[in-house]
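**Student:** The structure's right below; bear with me while I get my questions together.
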Amino acid sequence: MERSGAALAERIAERRSGVGDPRALVGEMRRSVLLVPMSGDCLWSARVGGVRWVHGFTDETALARFVRHHVPGDEPVEYAALLGARIVDEIVPALGEPAGLAVDVATEDGAMFFPPVVGIVPEAVAVDAGEAPEVRA
C-alpha cells in the first residue's frame with residue numbers, strides 16, 4: 001500500500017530524535033510516494049563523497065524549500081511522484097554507480113539519507129555486499 005510522504009516525515013523525525021525502529025523507517029520509505037525534481041528527462045541528484053544521491057521530498061513544501069536554494073528566480077520545476085521502493089530498487093541500480101536516496105535535504109533537522117547498502121538497495125549494487133559480518137568477542 002503506497003502512502004503519502006507525511007508518515008515518512010514522522011518516522012524520520014523519530015529516528016533523528018533517537019527513537020523508532022530503523023527497519024520501520026526503511027519500510028516507510030519504500031511505501032511512500034516521494035516528489036523527485038526533474039531537469040528534462042533526468043531526475044535531480046548530486047554526487048557527494050563518491051555517492052550519487054537522488055533527491056526525494058515528502059511533500060511540496062519540502063520540495064519548494066529545496067528549489068528556492070537551487071533554482072534561480074521563479075523558474076518552475078517539474079517533478080515526478082515516485083514510490084520510494086521504485087527509486088531504490090530500479091532507479092538507483094540503473095545509475096551504474098554507488099547511489100542512494102536523500103530525503104528532504106533542504107529541511108533543517110528533517111533530512112534523512114538512505115545509503116547504498118544491503119537492506120536499502122539491491123544487494124547487487126550495495127557497496128557493502130559480500131562484506132564479512134562483524135564478529136564481537
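Ordering of the C-alpha cells sets the chain letters (A, B, ...); residue numbers start at 1 within each chain; ligands are numbered from 1 in the order shown.
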Please provide as a list in words all residues within 9 Å of stretch 46-50 of chain A, with the sequence filter that same-chain residues fewer than 5 positions apart are discarded (counting only C-alpha atoms).
**Tutor:**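 Returned residues: His55, Glu97, Pro98 and Ala99 of chain A.
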**Student:** Create the file for the chosen residues now, containing N, CA, C and O atoms and written as a tab-separated table (two decimals), in the first residue's frame.
**Tutor:**
chain	number	residue	atom	x	y	z
A	55	HIS	N	17.49	12.97	-5.09
A	55	HIS	CA	16.74	13.79	-4.14
A	55	HIS	C	15.26	13.44	-4.19
A	55	HIS	O	14.66	13.42	-5.25
A	97	GLU	N	26.49	3.43	-10.70
A	97	GLU	CA	27.50	3.89	-9.74
A	97	GLU	C	26.88	3.82	-8.35
A	97	GLU	O	25.66	3.71	-8.23
A	98	PRO	N	27.70	3.87	-7.29
A	98	PRO	CA	27.10	3.85	-5.96
A	98	PRO	C	26.11	5.01	-5.82
A	98	PRO	O	26.44	6.17	-6.08
A	99	ALA	N	24.88	4.68	-5.44
A	99	ALA	CA	23.84	5.71	-5.35
A	99	ALA	C	22.87	5.36	-4.23
A	99	ALA	O	22.65	4.20	-3.91
**Student:** So that I can see what lies close to stretch 24-35 of chain A, please list as a PDB file with all heavy atoms, in the first residue's frame the residues with an atom at most 6 Å from it, counting only C-alpha atoms and leaving out residues fewer than 3 positions away in the same chain.
**Tutor:**
ATOM      1  N   GLU A   2       0.730   2.086  -1.011  1.00  0.00           N
ATOM      2  CA  GLU A   2       1.553   3.296  -1.053  1.00  0.00           C
ATOM      3  C   GLU A   2       0.942   4.369  -0.164  1.00  0.00           C
ATOM      4  O   GLU A   2      -0.255   4.406   0.065  1.00  0.00           O
ATOM      5  CB  GLU A   2       1.758   3.783  -2.480  1.00  0.00           C
ATOM      6  CG  GLU A   2       0.526   4.164  -3.226  1.00  0.00           C
ATOM      7  CD  GLU A   2       0.841   4.557  -4.646  1.00  0.00           C
ATOM      8  OE1 GLU A   2       1.419   3.764  -5.390  1.00  0.00           O
ATOM      9  OE2 GLU A   2       0.475   5.679  -4.998  1.00  0.00           O
ATOM     10  N   ARG A   3       1.817   5.234   0.348  1.00  0.00           N
ATOM     11  CA  ARG A   3       1.386   6.263   1.287  1.00  0.00           C
ATOM     12  C   ARG A   3       2.003   7.596   0.903  1.00  0.00           C
ATOM     13  O   ARG A   3       2.998   7.659   0.206  1.00  0.00           O
ATOM     14  CB  ARG A   3       1.838   5.873   2.688  1.00  0.00           C
ATOM     15  CG  ARG A   3       1.232   4.570   3.147  1.00  0.00           C
ATOM     16  CD  ARG A   3       1.941   4.013   4.331  1.00  0.00           C
ATOM     17  NE  ARG A   3       1.900   4.892   5.486  1.00  0.00           N
ATOM     18  CZ  ARG A   3       1.628   4.487   6.699  1.00  0.00           C
ATOM     19  NH1 ARG A   3       1.350   3.235   6.929  1.00  0.00           N
ATOM     20  NH2 ARG A   3       1.644   5.318   7.696  1.00  0.00           N
ATOM     21  N   SER A   4       1.410   8.652   1.418  1.00  0.00           N
ATOM     22  CA  SER A   4       1.992   9.974   1.210  1.00  0.00           C
ATOM     23  C   SER A   4       3.266  10.072   2.036  1.00  0.00           C
ATOM     24  O   SER A   4       3.523   9.251   2.903  1.00  0.00           O
ATOM     25  CB  SER A   4       1.008  11.061   1.636  1.00  0.00           C
ATOM     26  OG  SER A   4       0.938  11.120   3.045  1.00  0.00           O
ATOM     27  N   GLY A   5       4.034  11.099   1.789  1.00  0.00           N
ATOM     28  CA  GLY A   5       5.291  11.276   2.494  1.00  0.00           C
ATOM     29  C   GLY A   5       5.157  11.727   3.941  1.00  0.00           C
ATOM     30  O   GLY A   5       6.136  11.733   4.671  1.00  0.00           O
ATOM     31  N   LEU A   8       6.345   9.153   6.354  1.00  0.00           N
ATOM     32  CA  LEU A   8       7.800   9.045   6.296  1.00  0.00           C
ATOM     33  C   LEU A   8       8.448  10.186   7.064  1.00  0.00           C
ATOM     34  O   LEU A   8       9.396   9.974   7.818  1.00  0.00           O
ATOM     35  CB  LEU A   8       8.288   9.021   4.847  1.00  0.00           C
ATOM     36  CG  LEU A   8       9.805   8.992   4.651  1.00  0.00           C
ATOM     37  CD1 LEU A   8      10.441   7.792   5.349  1.00  0.00           C
ATOM     38  CD2 LEU A   8      10.139   9.006   3.168  1.00  0.00           C
ATOM     39  N   ARG A  11       8.421   9.327  10.675  1.00  0.00           N
ATOM     40  CA  ARG A  11       9.420   8.297  11.010  1.00  0.00           C
ATOM     41  C   ARG A  11      10.827   8.896  11.035  1.00  0.00           C
ATOM     42  O   ARG A  11      11.647   8.536  11.869  1.00  0.00           O
ATOM     43  CB  ARG A  11       9.384   7.142  10.019  1.00  0.00           C
ATOM     44  CG  ARG A  11       8.159   6.309  10.084  1.00  0.00           C
ATOM     45  CD  ARG A  11       8.377   5.140  10.993  1.00  0.00           C
ATOM     46  NE  ARG A  11       7.214   4.265  10.862  1.00  0.00           N
ATOM     47  CZ  ARG A  11       6.733   3.558  11.832  1.00  0.00           C
ATOM     48  NH1 ARG A  11       7.310   3.576  12.999  1.00  0.00           N
ATOM     49  NH2 ARG A  11       5.683   2.799  11.652  1.00  0.00           N
ATOM     50  N   ASP A  21      12.313   2.514  15.071  1.00  0.00           N
ATOM     51  CA  ASP A  21      12.992   1.346  14.531  1.00  0.00           C
ATOM     52  C   ASP A  21      13.548   1.664  13.147  1.00  0.00           C
ATOM     53  O   ASP A  21      12.788   2.056  12.262  1.00  0.00           O
ATOM     54  CB  ASP A  21      11.972   0.204  14.456  1.00  0.00           C
ATOM     55  CG  ASP A  21      12.537  -1.080  13.901  1.00  0.00           C
ATOM     56  OD1 ASP A  21      13.737  -1.139  13.567  1.00  0.00           O
ATOM     57  OD2 ASP A  21      11.754  -2.047  13.789  1.00  0.00           O
ATOM     58  N   GLY A  56      14.677  13.168  -3.026  1.00  0.00           N
ATOM     59  CA  GLY A  56      13.245  12.922  -2.909  1.00  0.00           C
ATOM     60  C   GLY A  56      12.687  13.770  -1.778  1.00  0.00           C
ATOM     61  O   GLY A  56      13.386  14.037  -0.800  1.00  0.00           O
ATOM     62  N   PHE A  57      11.435  14.187  -1.928  1.00  0.00           N
ATOM     63  CA  PHE A  57      10.827  15.071  -0.933  1.00  0.00           C
ATOM     64  C   PHE A  57       9.475  14.541  -0.502  1.00  0.00           C
ATOM     65  O   PHE A  57       8.719  14.010  -1.315  1.00  0.00           O
ATOM     66  CB  PHE A  57      10.708  16.495  -1.503  1.00  0.00           C
ATOM     67  CG  PHE A  57      12.066  17.060  -1.829  1.00  0.00           C
ATOM     68  CD1 PHE A  57      12.626  16.879  -3.086  1.00  0.00           C
ATOM     69  CD2 PHE A  57      12.811  17.696  -0.860  1.00  0.00           C
ATOM     70  CE1 PHE A  57      13.891  17.347  -3.381  1.00  0.00           C
ATOM     71  CE2 PHE A  57      14.088  18.167  -1.139  1.00  0.00           C
ATOM     72  CZ  PHE A  57      14.626  17.992  -2.398  1.00  0.00           C
ATOM     73  N   THR A  58       9.177  14.683   0.786  1.00  0.00           N
ATOM     74  CA  THR A  58       7.962  14.120   1.346  1.00  0.00           C
ATOM     75  C   THR A  58       6.709  14.906   1.003  1.00  0.00           C
ATOM     76  O   THR A  58       5.608  14.363   1.104  1.00  0.00           O
ATOM     77  CB  THR A  58       8.071  13.994   2.879  1.00  0.00           C
ATOM     78  OG1 THR A  58       8.401  15.270   3.433  1.00  0.00           O
ATOM     79  CG2 THR A  58       9.142  12.969   3.264  1.00  0.00           C
ATOM     80  N   ALA A  80       8.566  14.338 -10.520  1.00  0.00           N
ATOM     81  CA  ALA A  80       7.871  13.066 -10.655  1.00  0.00           C
ATOM     82  C   ALA A  80       7.479  12.595  -9.263  1.00  0.00           C
ATOM     83  O   ALA A  80       8.207  12.816  -8.296  1.00  0.00           O
ATOM     84  CB  ALA A  80       8.787  12.034 -11.309  1.00  0.00           C
ATOM     85  N   ALA A  81       6.317  11.973  -9.152  1.00  0.00           N
ATOM     86  CA  ALA A  81       5.886  11.353  -7.902  1.00  0.00           C
ATOM     87  C   ALA A  81       6.206   9.868  -8.020  1.00  0.00           C
ATOM     88  O   ALA A  81       5.607   9.162  -8.834  1.00  0.00           O
ATOM     89  CB  ALA A  81       4.397  11.587  -7.686  1.00  0.00           C
ATOM     90  N   LEU A  82       7.188   9.409  -7.240  1.00  0.00           N
ATOM     91  CA  LEU A  82       7.675   8.039  -7.351  1.00  0.00           C
ATOM     92  C   LEU A  82       7.644   7.330  -6.009  1.00  0.00           C
ATOM     93  O   LEU A  82       7.963   7.927  -4.968  1.00  0.00           O
ATOM     94  CB  LEU A  82       9.114   8.030  -7.874  1.00  0.00           C
ATOM     95  CG  LEU A  82       9.348   8.660  -9.240  1.00  0.00           C
ATOM     96  CD1 LEU A  82      10.834   8.785  -9.515  1.00  0.00           C
ATOM     97  CD2 LEU A  82       8.659   7.836 -10.319  1.00  0.00           C
ATOM     98  N   LEU A  83       7.306   6.088  -6.048  1.00  0.00           N
ATOM     99  CA  LEU A  83       7.335   5.257  -4.852  1.00  0.00           C
ATOM    100  C   LEU A  83       8.792   5.070  -4.424  1.00  0.00           C
ATOM    101  O   LEU A  83       9.675   4.824  -5.254  1.00  0.00           O
ATOM    102  CB  LEU A  83       6.695   3.914  -5.177  1.00  0.00           C
ATOM    103  CG  LEU A  83       6.209   3.050  -4.043  1.00  0.00           C
ATOM    104  CD1 LEU A  83       5.201   3.777  -3.166  1.00  0.00           C
ATOM    105  CD2 LEU A  83       5.586   1.783  -4.610  1.00  0.00           C
ATOM    106  N   GLY A  84       9.066   5.203  -3.134  1.00  0.00           N
ATOM    107  CA  GLY A  84      10.427   5.032  -2.633  1.00  0.00           C
ATOM    108  C   GLY A  84      11.045   3.713  -3.075  1.00  0.00           C
ATOM    109  O   GLY A  84      12.222   3.655  -3.436  1.00  0.00           O
ATOM    110  N   ALA A  85      10.250   2.645  -3.061  1.00  0.00           N
ATOM    111  CA  ALA A  85      10.757   1.338  -3.491  1.00  0.00           C
ATOM    112  C   ALA A  85      11.228   1.382  -4.940  1.00  0.00           C
ATOM    113  O   ALA A  85      12.244   0.759  -5.283  1.00  0.00           O
ATOM    114  CB  ALA A  85       9.686   0.263  -3.316  1.00  0.00           C
TER     115      ALA A  85
END
**Student:** What's around stretch 105-107 of chain A at 7 Å? Count only C-alpha atoms, leave out sequence neighbours fewer than 2 positions away in its own chain, and write the answer as a PyMOL selection string.
**Tutor:** chain A and resi 62+65-66+102-103+109-111
**Student:** Take the residues from that selection and write them out as a PDB file, in the first residue's frame, keeping C-alpha atoms.
**Tutor:**
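Result saved to out-v8.pdb:
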ATOM      1  CA  ALA A  62       9.865  20.417   1.354  1.00  0.00           C
ATOM      2  CA  ARG A  65      12.335  24.776   0.141  1.00  0.00           C
ATOM      3  CA  PHE A  66      14.949  22.915  -1.909  1.00  0.00           C
ATOM      4  CA  ALA A 102      18.432  11.678   0.086  1.00  0.00           C
ATOM      5  CA  VAL A 103      15.056  12.720   1.529  1.00  0.00           C
ATOM      6  CA  ASP A 109      16.636  18.791  11.174  1.00  0.00           C
ATOM      7  CA  GLY A 110      14.453  16.772   8.783  1.00  0.00           C
ATOM      8  CA  ALA A 111      16.790  15.241   6.202  1.00  0.00           C
TER       9      ALA A 111
END
**Student:** For the structure I just gave you, how does DSSP split chain A - specifically, which residues are strand (DSSP E)? Reply as a ChimeraX atom specification.
**Tutor:** /A:33-39,42-43,45-48,51-56,79-83,99-103,112-114
**Student:** Run DSSP on the backbone and give me the residues of chain A it puts in alpha helix (DSSP H), as a VMD selection string.
**Tutor:** chain A and resid 5 to 16 22 to 31 60 to 70 84 to 86 92 to 94
**Student:** Output the selection as an mmCIF file, in the first residue's frame - C-alpha atoms for each residue.
**Tutor:**
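Produced file again.cif, reproduced below:
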data_model
loop_
_atom_site.group_PDB
_atom_site.id
_atom_site.type_symbol
_atom_site.label_atom_id
_atom_site.label_comp_id
_atom_site.auth_asym_id
_atom_site.auth_seq_id
_atom_site.Cartn_x
_atom_site.Cartn_y
_atom_site.Cartn_z
ATOM 1 C CA GLY A 5 5.291 11.276 2.494
ATOM 2 C CA ALA A 6 3.777 12.572 5.751
ATOM 3 C CA ALA A 7 4.195 9.224 7.510
ATOM 4 C CA LEU A 8 7.800 9.045 6.296
ATOM 5 C CA ALA A 9 8.497 12.551 7.625
ATOM 6 C CA GLU A 10 7.170 11.391 11.026
ATOM 7 C CA ARG A 11 9.420 8.297 11.010
ATOM 8 C CA ILE A 12 12.406 10.465 10.064
ATOM 9 C CA ALA A 13 11.665 12.788 12.996
ATOM 10 C CA GLU A 14 11.520 9.762 15.327
ATOM 11 C CA ARG A 15 14.905 8.447 14.176
ATOM 12 C CA ARG A 16 16.518 11.881 14.320
ATOM 13 C CA PRO A 22 15.432 1.779 11.609
ATOM 14 C CA ARG A 23 13.764 -1.124 9.767
ATOM 15 C CA ALA A 24 10.376 0.570 10.119
ATOM 16 C CA LEU A 25 11.908 3.749 8.692
ATOM 17 C CA VAL A 26 13.210 1.875 5.622
ATOM 18 C CA GLY A 27 9.821 0.177 5.213
ATOM 19 C CA GLU A 28 8.043 3.523 5.382
ATOM 20 C CA MET A 29 10.430 4.984 2.792
ATOM 21 C CA ARG A 30 9.681 2.075 0.455
ATOM 22 C CA ARG A 31 5.882 2.577 0.787
ATOM 23 C CA GLU A 60 5.531 20.067 -1.995
ATOM 24 C CA THR A 61 6.610 22.338 0.874
ATOM 25 C CA ALA A 62 9.865 20.417 1.354
ATOM 26 C CA LEU A 63 10.424 20.389 -2.412
ATOM 27 C CA ALA A 64 9.786 24.158 -2.639
ATOM 28 C CA ARG A 65 12.335 24.776 0.141
ATOM 29 C CA PHE A 66 14.949 22.915 -1.909
ATOM 30 C CA VAL A 67 14.015 24.683 -5.168
ATOM 31 C CA ARG A 68 14.354 28.130 -3.527
ATOM 32 C CA HIS A 69 18.025 27.332 -2.813
ATOM 33 C CA HIS A 70 18.902 25.668 -6.131
ATOM 34 C CA GLY A 84 10.427 5.032 -2.633
ATOM 35 C CA ALA A 85 10.757 1.338 -3.491
ATOM 36 C CA ARG A 86 10.934 2.189 -7.185
ATOM 37 C CA VAL A 92 19.444 3.555 -8.131
ATOM 38 C CA PRO A 93 20.726 0.336 -9.793
ATOM 39 C CA ALA A 94 20.254 1.874 -13.261
#
**Student:** Between atom CA of A:Gly40 and atom CA of A:Asp89, measure the distance and give it in Å to one decimal.
**Tutor:** 22.1 Å
**Student:** Counting only C-alpha atoms, which residue out of A:Gly18, A:Val71, A:Trp53, A:Met38 sits closest to A:Phe113?
**Tutor:**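 Looking at the shortest contact to A:Phe113, the residue is A:Trp53.
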**Student:** For a test of reading the model, state the distance in Å between atom CA of A:Glu75 and atom CA of A:Ser45, rounded to one decimal.
**Tutor:**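 Computed distance, atom CA of A:Glu75 to atom CA of A:Ser45, equals 18.3 Å.
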**Student:** Kindly assemble as CSV a list of the stretch 84-119 of chain A residues that lie within 6 Å of stretch 124-127 of chain A, each paired with its nearest atom pair and their distance in Å to one decimal, using only C-alpha atoms, sorted first by chain and then by ascending residue number.
**Tutor:**
residue,atom,partner,partner_atom,distance
A:Pro116,CA,A:Ala126,CA,5.0
A:Val117,CA,A:Ala126,CA,4.4
A:Val118,CA,A:Ala126,CA,5.4
**Student:** Could you please determine the separation between atom CA of A:Pro72 and atom CA of A:Pro37 in Å, to one decimal place?
**Tutor:** 14.6 Å
